[in-house]
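Everything on this sheet refers to the single structure shown next.
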Amino acid sequence: MKKLSLVLMALALCLAMAATAMAGDRCLRVQLDGTIKLRPKNPAATQGQPGNAMTSCRTNGKFHIELIFPEKGGPATSQKNWVVISGFDCPPDQPGSRCSQEAHANAFYPRPFVVQASAQPEGAFNYVVEFRLAQLPPASPITITIQCEGAPGDVSDYGSNYRQLMLPWHLNKMVLNAALNKSRHKHHPLMDLPPFLLADVEWDELVTLVPCENFKY
């Protein structure tokens, strides 16, 4: 009986140690899924001006950000992020003309990007998460076919549209007051992106504790 008691005590101790070890392996996972809408401040002012054709476009994008942090806070240990143009509409390149502009399929493939991020606990169930763009997506020029009179012609945006989609995080540090296990929808105040653009950004946010080993990208 004494031997059995010792065995049970040893087993209980092992289970307690295992539980402690498992708890120590938890990481904070922050997920954002949202949209970006870029709008020209003054579309009429940019139409027909050389070099300004792209700044008069209405560009819609989607993004996904997934950041993994130590449970106790600190810099991100891994991340998986992407952005993609979901809609692209350019007005005629000359006032009163009947030109059409259509982006090729290469415009609508997700591009990865990297942020610099950190998280700090604030109470038992809340974290303050900060991030800012650290690395742009790879050079991502897209091709646009312009059809006016005569044969259509292809032009490149030289990567400007994807760079513009990243401006909200390049020019602004994002600060999230995140609550564990609560799905939230957030809408950032309209952002001014000098000199020509405004950005409307909103997202669904979910913050959870997860096994660290599942998220070693």
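Order determines the names: the first chain of the structure tokens is A, the second B, and so forth; residues in each chain are numbered 1 upward, and ligands are numbered 1 upward as they are shown.
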Each residue of region 79-142 of chain A with at least one atom at most 6 Å from region 163-182 of chain A should appear once, together with its nearest atom pair and the corresponding distance in Å (one decimal); atoms considered: only C-alpha atoms; ordering: chain, then increasing residue number; output as a tab-separated table.
```
residue	atom	partner	partner_atom	distance
A:Phe125	CA	A:Leu180	CA	5.4
A:Asn126	CA	A:Ala179	CA	4.5
A:Tyr127	CA	A:Ala178	CA	5.2
A:Val128	CA	A:Asn177	CA	4.8
A:Val129	CA	A:Leu176	CA	5.0
A:Glu130	CA	A:Val175	CA	4.5
A:Phe131	CA	A:Met174	CA	5.4
A:Arg132	CA	A:Lys173	CA	5.0
A:Leu133	CA	A:His170	CA	5.0
```
Spatial neighbours of Pro110 (chain A), 9 Å, only C-alpha atoms, chain gap at least 6 places, as a PyMOL selection string: chain A and resi 62-63+82-85
Every residue of region 55-198 of chain A that DSSP places in strand (DSSP E), as number ranges by chain: A: 58-70, 74-75, 78-89, 100-103, 111-112, 114-121, 126-135, 143-147, 153-156, 174-179, 184-187, 191-193, 197-198
Between CA of Asn81 (chain A) and CA of Leu206 (chain A), distance in Å (one decimal):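 Computing it gives 14.8 Å between the two atoms.
Using only C-alpha atoms, the contacts of Asp157 (chain A) at a cut-off of 7 Å, with sequence neighbours closer than 3 positions omitted, comprise Pro141, Ile142, Thr143, Ser160 and Asn161 of chain A.
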Contacts of region 26-41 of chain A at 8 Å (only C-alpha atoms; same-chain gap of 3+ positions) as a PyMOL selection string: chain A and resi 22-23+55-71+73+165+196-212
Among the residues A:Asn106, A:Pro195, A:Ser100, A:Leu190, the one that comes closest to Gly153 (chain A) [using only C-alpha atoms]: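 Ranked by minimum distance to Gly153 (chain A), first place goes to A:Ser100.
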Nearest to Ile144 (chain A), chosen from A:Ser86, A:Gln101, A:Ser183, A:Ser78, with only C-alpha atoms counted in the distances: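 Counting only C-alpha atoms, the residue closest to Ile144 (chain A) is A:Gln101.
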